[in-house]
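Just target36.cif here, mmCIF, C-alpha atoms:
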data_structure
loop_
_atom_site.label_atom_id
_atom_site.label_comp_id
_atom_site.auth_asym_id
_atom_site.auth_seq_id
_atom_site.Cartn_x
_atom_site.Cartn_y
_atom_site.Cartn_z
CA MET A 5 -4.13 49.66 -3.91
CA LYS A 6 -4.12 45.86 -3.46
CA ASP A 7 -3.20 45.53 -7.07
CA PHE A 8 -0.34 48.01 -6.58
CA PHE A 9 1.21 46.07 -3.68
CA SER A 10 0.55 42.78 -5.48
CA LYS A 11 2.37 43.99 -8.52
CA HIS A 12 5.09 46.10 -6.91
CA GLY A 13 5.33 44.77 -3.33
CA ILE A 14 8.40 42.73 -4.02
CA TRP A 15 10.20 45.73 -5.39
CA ILE A 16 9.23 47.95 -2.42
CA LEU A 17 10.43 45.33 0.03
CA LEU A 18 13.67 44.97 -1.90
CA VAL A 19 14.30 48.77 -1.81
CA ALA A 20 13.61 48.87 1.96
CA VAL A 21 16.04 46.04 2.61
CA ILE A 22 18.72 47.72 0.51
CA VAL A 23 18.29 51.09 2.34
CA THR A 24 18.37 49.40 5.74
CA VAL A 25 21.48 47.38 4.95
CA THR A 26 23.21 50.45 3.54
CA MET A 27 22.46 52.59 6.62
CA ALA A 28 23.58 49.81 8.94
CA GLY A 29 26.78 49.36 6.98
CA LEU A 30 27.59 53.02 7.06
CA SER A 31 27.04 53.09 10.81
CA ALA A 32 29.12 49.94 11.36
CA PHE A 33 32.08 51.24 9.39
CA GLY A 34 32.21 54.56 11.43
CA THR A 35 31.58 56.99 8.62
CA GLY A 36 30.49 59.63 11.15
CA ILE A 37 26.99 59.77 9.75
CA ALA A 38 24.41 59.40 12.52
CA THR A 39 21.53 57.02 12.15
CA PRO A 40 18.16 58.60 11.58
CA LEU A 41 16.96 57.57 15.06
CA LYS A 42 20.03 58.93 16.75
CA ASP A 43 19.88 62.07 14.67
CA ALA A 44 16.22 62.57 15.57
CA ALA A 45 16.98 61.98 19.26
CA GLU A 46 19.82 64.46 19.14
CA ILE A 47 17.68 67.03 17.40
CA ILE A 48 15.01 66.70 20.07
CA SER A 49 17.37 66.64 23.08
CA SER A 50 19.82 69.30 21.92
CA PRO A 51 17.76 72.33 23.07
CA PHE A 52 17.24 70.72 26.47
CA ARG A 53 20.97 70.05 26.86
CA ALA A 54 21.75 73.62 25.84
CA GLY A 55 19.24 74.89 28.39
CA MET A 56 20.71 72.70 31.12
CA THR A 57 24.21 73.91 30.29
CA ALA A 58 23.08 77.55 30.37
CA ALA A 59 21.28 77.01 33.66
CA SER A 60 24.34 75.32 35.14
CA ASN A 61 26.58 78.15 34.00
CA TRP A 62 24.15 80.73 35.45
CA VAL A 63 24.07 78.96 38.82
CA GLY A 64 27.86 78.75 38.82
CA ASP A 65 28.13 82.46 38.06
CA ARG A 66 25.71 83.27 40.90
CA ILE A 67 27.67 81.14 43.36
CA ARG A 68 30.94 82.79 42.33
CA PHE A 69 29.31 86.22 42.55
CA ALA A 70 27.96 85.44 46.04
CA ASP A 71 31.39 84.28 47.19
CA GLU A 72 33.05 87.37 45.75
CA PHE A 73 30.34 89.62 47.23
CA ASP A 74 30.82 88.15 50.70
CA ALA A 75 34.57 88.61 50.37
CA MET A 76 34.04 92.23 49.29
CA LYS A 77 31.68 92.87 52.20
CA GLU A 78 34.21 91.49 54.65
CA GLU A 79 36.99 93.56 53.11
CA ASN A 80 34.76 96.64 53.10
CA GLN A 81 33.96 96.17 56.80
CA LYS A 82 37.65 95.86 57.62
CA LEU A 83 38.34 99.04 55.64
CA LYS A 84 35.56 100.87 57.51
CA GLU A 85 36.99 99.77 60.85
CA ARG A 86 40.44 100.87 59.78
CA ILE A 87 39.14 104.26 58.62
CA ALA A 88 37.26 104.74 61.90
CA LYS A 89 40.41 103.91 63.85
CA LEU A 90 42.47 106.34 61.77
CA GLU A 91 39.85 109.08 62.21
CA GLU A 92 39.90 108.52 65.98
CA GLU A 93 43.69 108.73 65.98
CA ILE A 94 43.49 111.97 63.99
CA ARG A 95 40.94 113.45 66.43
CA GLN A 96 43.11 112.44 69.39
CA ALA A 97 46.19 113.93 67.74
CA GLN A 98 44.30 117.17 67.08
CA ALA A 99 43.11 117.27 70.71
CA ASP A 100 46.64 116.62 71.97
CA SER A 101 48.00 119.30 69.66
CA THR A 102 45.42 121.82 70.89
CA GLU A 103 46.15 121.00 74.53
CA ASN A 104 49.89 121.30 73.94
CA GLN A 105 49.38 124.65 72.25
CA HIS A 106 47.34 125.90 75.20
CA LEU A 107 50.00 124.70 77.61
CA ARG A 108 52.67 126.50 75.62
CA GLU A 109 50.57 129.68 75.74
CA LEU A 110 50.22 129.33 79.49
CA LEU A 111 53.95 128.82 79.91
CA ASN A 112 54.61 131.98 77.91
CA LEU A 113 52.19 133.92 80.12
CA ARG A 114 53.67 132.59 83.34
CA PRO A 115 55.80 135.11 85.28
CA GLN A 116 59.33 133.96 85.83
CA GLN A 117 59.08 133.92 89.63
CA ARG A 118 56.40 131.21 89.69
CA ASP A 119 56.49 127.53 88.90
CA PHE A 120 53.02 126.17 88.07
CA ARG A 121 51.88 122.59 87.62
CA TYR A 122 48.78 122.27 85.43
CA GLU A 123 46.15 119.61 84.86
CA SER A 124 43.96 120.15 81.79
CA ALA A 125 40.25 119.33 82.09
CA MET A 126 37.08 119.54 80.04
CA VAL A 127 33.93 121.32 81.23
CA ILE A 128 31.17 118.71 81.30
CA ASP A 129 28.39 120.70 82.97
CA HIS A 130 27.30 124.28 83.69
CA THR A 131 25.18 124.97 86.77
CA SER A 132 23.43 128.32 86.65
CA SER A 133 20.70 129.34 89.08
CA ASN A 134 19.63 132.24 91.28
CA TRP A 135 22.06 131.02 93.95
CA THR A 136 25.16 129.81 92.21
CA ARG A 137 27.34 129.80 89.09
CA GLN A 138 29.36 126.61 88.94
CA ILE A 139 30.97 124.34 86.38
CA THR A 140 31.83 120.64 86.60
CA LEU A 141 35.08 119.21 85.24
CA ASN A 142 35.92 115.69 84.07
CA LYS A 143 39.02 115.42 86.31
CA GLY A 144 39.26 114.88 90.05
CA SER A 145 41.41 113.59 92.89
CA SER A 146 42.83 110.77 90.75
CA MET A 147 44.63 113.47 88.74
CA GLY A 148 45.86 115.41 91.79
CA ILE A 149 43.09 118.03 91.88
CA GLU A 150 42.17 119.30 95.36
CA PRO A 151 39.72 121.80 96.87
CA LYS A 152 40.90 125.43 96.68
CA ASP A 153 42.91 124.81 93.50
CA CYS A 154 42.67 127.75 91.11
CA VAL A 155 41.27 127.16 87.63
CA ILE A 156 42.23 129.27 84.61
CA ASP A 157 41.50 129.31 80.88
CA SER A 158 44.08 129.03 78.10
CA GLU A 159 44.79 132.78 78.23
CA GLY A 160 45.50 132.81 81.96
CA HIS A 161 42.17 134.33 83.07
CA LEU A 162 40.90 133.08 86.40
CA VAL A 163 37.82 130.89 85.97
CA GLY A 164 37.25 130.12 89.64
CA ILE A 165 38.25 127.92 92.57
CA VAL A 166 37.69 124.19 93.01
CA SER A 167 35.04 123.71 95.71
CA GLU A 168 34.42 119.95 95.70
CA VAL A 169 36.38 116.98 94.35
CA GLY A 170 35.46 113.41 93.43
CA THR A 171 37.59 110.66 91.98
CA ASN A 172 37.09 111.66 88.35
CA TRP A 173 35.17 114.94 88.65
CA SER A 174 35.37 118.27 90.41
CA THR A 175 33.14 121.32 90.93
CA VAL A 176 34.40 124.84 90.42
CA LEU A 177 32.94 128.03 91.93
CA THR A 178 33.29 130.63 89.19
CA THR A 179 34.48 134.14 90.00
CA VAL A 180 30.89 135.46 89.82
CA ASP A 181 29.51 132.91 92.31
CA THR A 182 28.30 134.44 95.59
CA ASP A 183 30.76 132.30 97.58
CA PHE A 184 33.84 133.39 95.61
CA GLU A 185 36.36 135.66 97.35
CA MET A 186 40.05 136.33 96.69
CA GLY A 187 42.71 138.89 97.49
CA ALA A 188 43.16 141.18 94.50
CA MET A 189 45.40 143.94 93.24
CA VAL A 190 45.14 146.73 90.70
CA PHE A 191 47.77 145.85 88.10
CA ARG A 192 48.47 149.49 87.18
CA SER A 193 48.97 150.83 90.69
CA GLY A 194 49.62 147.75 92.85
CA GLU A 195 46.77 148.79 95.14
CA ALA A 196 45.31 145.92 97.22
CA ALA A 197 41.60 145.05 97.39
CA ILE A 198 39.21 142.10 97.68
CA ALA A 199 37.38 140.59 94.68
CA SER A 200 34.19 138.70 95.52
CA GLY A 201 30.98 137.42 94.00
CA ASP A 202 27.72 139.23 94.72
CA PHE A 203 24.18 137.90 94.70
CA ASN A 204 22.77 140.92 92.87
CA LEU A 205 25.52 140.91 90.24
CA MET A 206 25.73 137.19 89.55
CA GLY A 207 22.95 137.24 86.96
CA LYS A 208 24.88 139.92 85.05
CA GLU A 209 28.08 137.86 85.30
CA LEU A 210 29.86 140.60 87.22
CA LEU A 211 31.66 140.66 90.58
CA LYS A 212 32.67 143.29 93.10
CA LEU A 213 36.00 144.84 93.99
CA ASN A 214 35.80 145.92 97.64
CA TYR A 215 38.03 147.54 100.29
CA ILE A 216 39.69 149.87 97.88
CA SER A 217 41.91 152.51 99.43
CA SER A 218 40.06 155.81 99.79
CA ASP A 219 42.97 157.74 98.36
CA GLY A 220 43.49 155.36 95.47
CA THR A 221 42.65 156.09 91.86
CA LEU A 222 40.72 153.45 89.98
CA LEU A 223 39.83 153.81 86.32
CA ASN A 224 37.41 152.00 84.06
CA GLY A 225 39.31 149.31 82.21
CA ASP A 226 41.92 148.79 84.95
CA LEU A 227 43.14 145.21 85.04
CA ILE A 228 42.57 143.38 88.33
CA ILE A 229 44.81 140.43 89.22
CA SER A 230 45.15 138.08 92.17
CA SER A 231 47.45 139.46 94.88
CA GLY A 232 48.74 136.13 96.19
CA LEU A 233 48.93 137.57 99.71
CA GLY A 234 49.35 134.82 102.29
CA GLY A 235 50.68 132.42 99.67
CA TYR A 236 47.46 130.42 99.53
CA PHE A 237 46.56 131.42 95.97
CA PRO A 238 49.06 132.21 93.21
CA SER A 239 49.56 135.85 92.31
CA ASN A 240 49.07 137.67 89.00
CA LEU A 241 46.11 135.60 87.78
CA ILE A 242 43.81 137.85 85.74
CA ILE A 243 40.48 138.18 87.59
CA GLY A 244 38.89 140.77 85.32
CA SER A 245 38.75 144.43 84.44
CA VAL A 246 36.98 147.39 86.00
CA GLN A 247 33.68 148.09 84.26
CA GLU A 248 32.38 150.81 86.55
CA VAL A 249 33.44 152.61 89.73
CA ILE A 250 30.59 153.08 92.24
CA THR A 251 30.78 156.03 94.64
CA ASP A 252 28.91 156.65 97.88
CA ASP A 253 26.75 159.67 98.73
CA SER A 254 29.80 161.76 99.54
CA GLY A 255 31.34 161.04 96.18
CA ALA A 256 34.05 158.83 97.61
CA MET A 257 34.84 155.59 95.85
CA ASP A 258 32.80 152.76 97.40
CA TYR A 259 33.43 149.71 95.22
CA ALA A 260 33.93 148.73 91.58
CA LEU A 261 32.17 146.37 89.23
CA LEU A 262 34.46 143.84 87.61
CA LYS A 263 33.88 142.06 84.33
CA PRO A 264 35.57 138.62 84.28
CA GLY A 265 37.97 137.89 81.47
CA VAL A 266 36.24 134.52 80.90
CA ASP A 267 33.20 133.81 78.75
CA PHE A 268 31.62 131.20 81.02
CA ASN A 269 28.88 130.22 78.56
CA ASN A 270 31.38 129.14 75.90
CA LEU A 271 33.98 127.67 78.23
CA THR A 272 34.89 124.10 77.20
CA GLU A 273 38.47 123.53 78.38
CA VAL A 274 40.30 124.76 81.49
CA PHE A 275 43.56 124.23 83.37
CA VAL A 276 43.69 123.48 87.07
CA ILE A 277 46.76 124.77 88.93
CA THR A 278 47.49 121.74 91.09
CA ASP A 279 50.73 123.16 92.51
CA PHE A 280 52.76 126.34 92.40
CA THR A 281 55.95 127.64 93.91
CA ILE A 282 56.93 131.20 94.75
CA VAL A 283 60.66 131.52 94.18
CA ASP A 284 61.28 135.25 94.78
#
If you convert what's in this file into structure tokens, what do you get?
Amino acid sequence: MKDFFSKHGIWILLVAVIVTVTMAGLSAFGTGIATPLKDAAEIISSPFRAGMTAASNWVGDRIRFADEFDAMKEENQKLKERIAKLEEEIRQAQADSTENQHLRELLNLRPQQRDFRYESAMVIDHTSSNWTRQITLNKGSSMGIEPKDCVIDSEGHLVGIVSEVGTNWSTVLTTVDTDFEMGAMVFRSGEAAIASGDFNLMGKELLKLNYISSDGTLLNGDLIISSGLGGYFPSNLIIGSVQEVITDDSGAMDYALLKPGVDFNNLTEVFVITDFTIVD
């Protein structure tokens, strides 16, 4: 080996110098050819730079996605609130439409000689016990409701009479309550009587028709209406219909059982007659 370098060393050194000068010249004159060191450095660092660029792009995408997601969430929440508001407006419009329809039905049922003023109300509670049959309404004195006001359903059937009033609530004695009593009349014949609740009939949701004329004729199915005598209660409100005529031991008519025209268990909306005028 020593002999090799001794003999050829000068030539090896000369070749190295030539290669070095050539590479330096090429680099100095801007040929675009990278030096071996630079090329090696670029080869080594290129994957890392690519990785950094990819990571940077990924982070940027995530940030943009997060911003867009937050914007979508905010927009979605606003849309939900808008939908909820629209649904509430639709429900209110439907309720108003139903109430208006009921009022129109009541106006069509109203006899021409009477002028009624109504206040609609919702039934918020049913009280049913051995002693009473009452309902509670969501309207009271603030809406002009007073004790002794008559309460009817959308078809004009008598529900009962207001017994107690608060600012935004009122209690109604139904027609089957033991404390209910009202002047009545047989629609077919015009015969006068008294309709009243009865303790023994309350559980069956029936009431009595008393003080019927002994020479009168009363038939099952006869319609019984309010008489309006004395002007305290309006006339021609439908109290119920005769279910059965009860006779005494002599066979004479004693009293009748009345079935109300109202289904109290499914009653949800009523109309309170806050004022009425007899014009005949």
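For the residues A:Ile216, A:Met147, A:Leu233, A:Ile67, ranking by smallest atom-to-atom distance to Thr251 (chain A) using all atoms listed in the file places A:Ile216 first.
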**Report entry** Within 12 Å of Val274 (chain A) using all atoms listed in the file, minus same-chain residues under 6 positions, as a PyMOL selection string
**Finding:** chain A and resi 103+106-107+110+122-128+139-143+154-166+176+178+266-268
Using C-alpha atoms, can you export the residues from the last selection as a compact mmCIF listing (two decimals), keeping the file's coordinate frame?
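What ended up in again_34.txt:
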# COMPACT_ATOMS: atom_id res chain seq x y z
CA GLU A 103 46.15 121.00 74.53
CA HIS A 106 47.34 125.90 75.20
CA LEU A 107 50.00 124.70 77.61
CA LEU A 110 50.22 129.33 79.49
CA TYR A 122 48.78 122.27 85.43
CA GLU A 123 46.15 119.61 84.86
CA SER A 124 43.96 120.15 81.79
CA ALA A 125 40.25 119.33 82.09
CA MET A 126 37.08 119.54 80.04
CA VAL A 127 33.93 121.32 81.23
CA ILE A 128 31.17 118.71 81.30
CA ILE A 139 30.97 124.34 86.38
CA THR A 140 31.83 120.64 86.60
CA LEU A 141 35.08 119.21 85.24
CA ASN A 142 35.92 115.69 84.07
CA LYS A 143 39.02 115.42 86.31
CA CYS A 154 42.67 127.75 91.11
CA VAL A 155 41.27 127.16 87.63
CA ILE A 156 42.23 129.27 84.61
CA ASP A 157 41.50 129.31 80.88
CA SER A 158 44.08 129.03 78.10
CA GLU A 159 44.79 132.78 78.23
CA GLY A 160 45.50 132.81 81.96
CA HIS A 161 42.17 134.33 83.07
CA LEU A 162 40.90 133.08 86.40
CA VAL A 163 37.82 130.89 85.97
CA GLY A 164 37.25 130.12 89.64
CA ILE A 165 38.25 127.92 92.57
CA VAL A 166 37.69 124.19 93.01
CA VAL A 176 34.40 124.84 90.42
CA THR A 178 33.29 130.63 89.19
CA VAL A 266 36.24 134.52 80.90
CA ASP A 267 33.20 133.81 78.75
CA PHE A 268 31.62 131.20 81.02
Legend entry - Within 10 Å of Val169 (chain A) using all atoms listed in the file, minus same-chain residues under 2 positions, as a ChimeraX atom specification: /A:140-141,143-146,148-152,166-167,171-176
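When only C-alpha atoms are used to compute distances to Phe275 (chain A), the closest of the residues A:Ile87, A:Ala260, A:Phe120, A:His130 turns out to be A:Phe120.
Proximity to Gly187 (chain A) was assessed for A:Ser217, A:Ser254, A:Asn204, A:Ser231 counting only C-alpha atoms; the smallest distance is recorded for A:Ser231.
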Per residue of region 242-272 of chain A within 9 Å of region 221-226 of chain A, which atom pair is closest and at what distance in Å (one decimal), using all atoms listed in the file, listed by chain and increasing number, as CSV?
residue,atom,partner,partner_atom,distance
A:Gly244,CA,A:Asp226,CA,8.6
A:Ser245,CA,A:Gly225,CA,5.4
A:Val246,CA,A:Gly225,CA,4.8
A:Gln247,CA,A:Asn224,CA,5.4
A:Glu248,CA,A:Asn224,CA,5.7
A:Val249,CA,A:Asn224,CA,6.9
A:Met257,CA,A:Leu222,CA,8.6
A:Ala260,CA,A:Leu222,CA,8.4
Kindly output region 145-165 of chain A as a PDB file, in the frame of the given file, after building N, CA and C atoms.
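In the end it all went to part00.pdb:
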ATOM      1  N   SER A 145      40.300 113.899  91.990  1.00  0.00           N
ATOM      2  CA  SER A 145      41.410 113.590  92.890  1.00  0.00           C
ATOM      3  C   SER A 145      42.396 112.598  92.276  1.00  0.00           C
ATOM      4  N   SER A 146      41.928 111.743  91.379  1.00  0.00           N
ATOM      5  CA  SER A 146      42.830 110.770  90.750  1.00  0.00           C
ATOM      6  C   SER A 146      43.902 111.455  89.914  1.00  0.00           C
ATOM      7  N   MET A 147      43.656 112.721  89.521  1.00  0.00           N
ATOM      8  CA  MET A 147      44.630 113.470  88.740  1.00  0.00           C
ATOM      9  C   MET A 147      45.289 114.572  89.573  1.00  0.00           C
ATOM     10  N   GLY A 148      45.173 114.470  90.903  1.00  0.00           N
ATOM     11  CA  GLY A 148      45.860 115.410  91.790  1.00  0.00           C
ATOM     12  C   GLY A 148      45.124 116.700  92.054  1.00  0.00           C
ATOM     13  N   ILE A 149      43.871 116.808  91.641  1.00  0.00           N
ATOM     14  CA  ILE A 149      43.090 118.030  91.880  1.00  0.00           C
ATOM     15  C   ILE A 149      42.542 118.018  93.299  1.00  0.00           C
ATOM     16  N   GLU A 150      42.616 119.173  93.970  1.00  0.00           N
ATOM     17  CA  GLU A 150      42.170 119.300  95.360  1.00  0.00           C
ATOM     18  C   GLU A 150      41.301 120.547  95.511  1.00  0.00           C
ATOM     19  N   PRO A 151      40.486 120.585  96.576  1.00  0.00           N
ATOM     20  CA  PRO A 151      39.720 121.800  96.870  1.00  0.00           C
ATOM     21  C   PRO A 151      40.654 123.007  97.041  1.00  0.00           C
ATOM     22  N   LYS A 152      40.186 124.158  96.623  1.00  0.00           N
ATOM     23  CA  LYS A 152      40.900 125.430  96.680  1.00  0.00           C
ATOM     24  C   LYS A 152      41.925 125.610  95.562  1.00  0.00           C
ATOM     25  N   ASP A 153      42.042 124.610  94.661  1.00  0.00           N
ATOM     26  CA  ASP A 153      42.910 124.810  93.500  1.00  0.00           C
ATOM     27  C   ASP A 153      42.297 125.873  92.594  1.00  0.00           C
ATOM     28  N   CYS A 154      43.149 126.734  92.045  1.00  0.00           N
ATOM     29  CA  CYS A 154      42.670 127.750  91.110  1.00  0.00           C
ATOM     30  C   CYS A 154      42.540 127.144  89.710  1.00  0.00           C
ATOM     31  N   VAL A 155      41.544 127.640  88.982  1.00  0.00           N
ATOM     32  CA  VAL A 155      41.270 127.160  87.630  1.00  0.00           C
ATOM     33  C   VAL A 155      41.336 128.345  86.682  1.00  0.00           C
ATOM     34  N   ILE A 156      42.074 128.187  85.572  1.00  0.00           N
ATOM     35  CA  ILE A 156      42.230 129.270  84.610  1.00  0.00           C
ATOM     36  C   ILE A 156      41.895 128.757  83.209  1.00  0.00           C
ATOM     37  N   ASP A 157      41.705 129.708  82.270  1.00  0.00           N
ATOM     38  CA  ASP A 157      41.500 129.310  80.880  1.00  0.00           C
ATOM     39  C   ASP A 157      42.846 129.362  80.152  1.00  0.00           C
ATOM     40  N   SER A 158      42.834 129.124  78.856  1.00  0.00           N
ATOM     41  CA  SER A 158      44.080 129.030  78.100  1.00  0.00           C
ATOM     42  C   SER A 158      44.819 130.358  77.996  1.00  0.00           C
ATOM     43  N   GLU A 159      44.150 131.476  78.299  1.00  0.00           N
ATOM     44  CA  GLU A 159      44.790 132.780  78.230  1.00  0.00           C
ATOM     45  C   GLU A 159      45.222 133.273  79.607  1.00  0.00           C
ATOM     46  N   GLY A 160      45.057 132.436  80.623  1.00  0.00           N
ATOM     47  CA  GLY A 160      45.500 132.810  81.960  1.00  0.00           C
ATOM     48  C   GLY A 160      44.473 133.559  82.780  1.00  0.00           C
ATOM     49  N   HIS A 161      43.225 133.681  82.292  1.00  0.00           N
ATOM     50  CA  HIS A 161      42.170 134.330  83.070  1.00  0.00           C
ATOM     51  C   HIS A 161      41.646 133.379  84.132  1.00  0.00           C
ATOM     52  N   LEU A 162      41.407 133.904  85.308  1.00  0.00           N
ATOM     53  CA  LEU A 162      40.900 133.080  86.400  1.00  0.00           C
ATOM     54  C   LEU A 162      39.447 132.702  86.131  1.00  0.00           C
ATOM     55  N   VAL A 163      39.177 131.396  86.144  1.00  0.00           N
ATOM     56  CA  VAL A 163      37.820 130.890  85.970  1.00  0.00           C
ATOM     57  C   VAL A 163      37.119 130.775  87.311  1.00  0.00           C
ATOM     58  N   GLY A 164      37.836 130.286  88.316  1.00  0.00           N
ATOM     59  CA  GLY A 164      37.250 130.120  89.640  1.00  0.00           C
ATOM     60  C   GLY A 164      38.143 129.266  90.513  1.00  0.00           C
ATOM     61  N   ILE A 165      37.531 128.727  91.580  1.00  0.00           N
ATOM     62  CA  ILE A 165      38.250 127.920  92.570  1.00  0.00           C
ATOM     63  C   ILE A 165      37.527 126.601  92.750  1.00  0.00           C
TER      64      ILE A 165
END
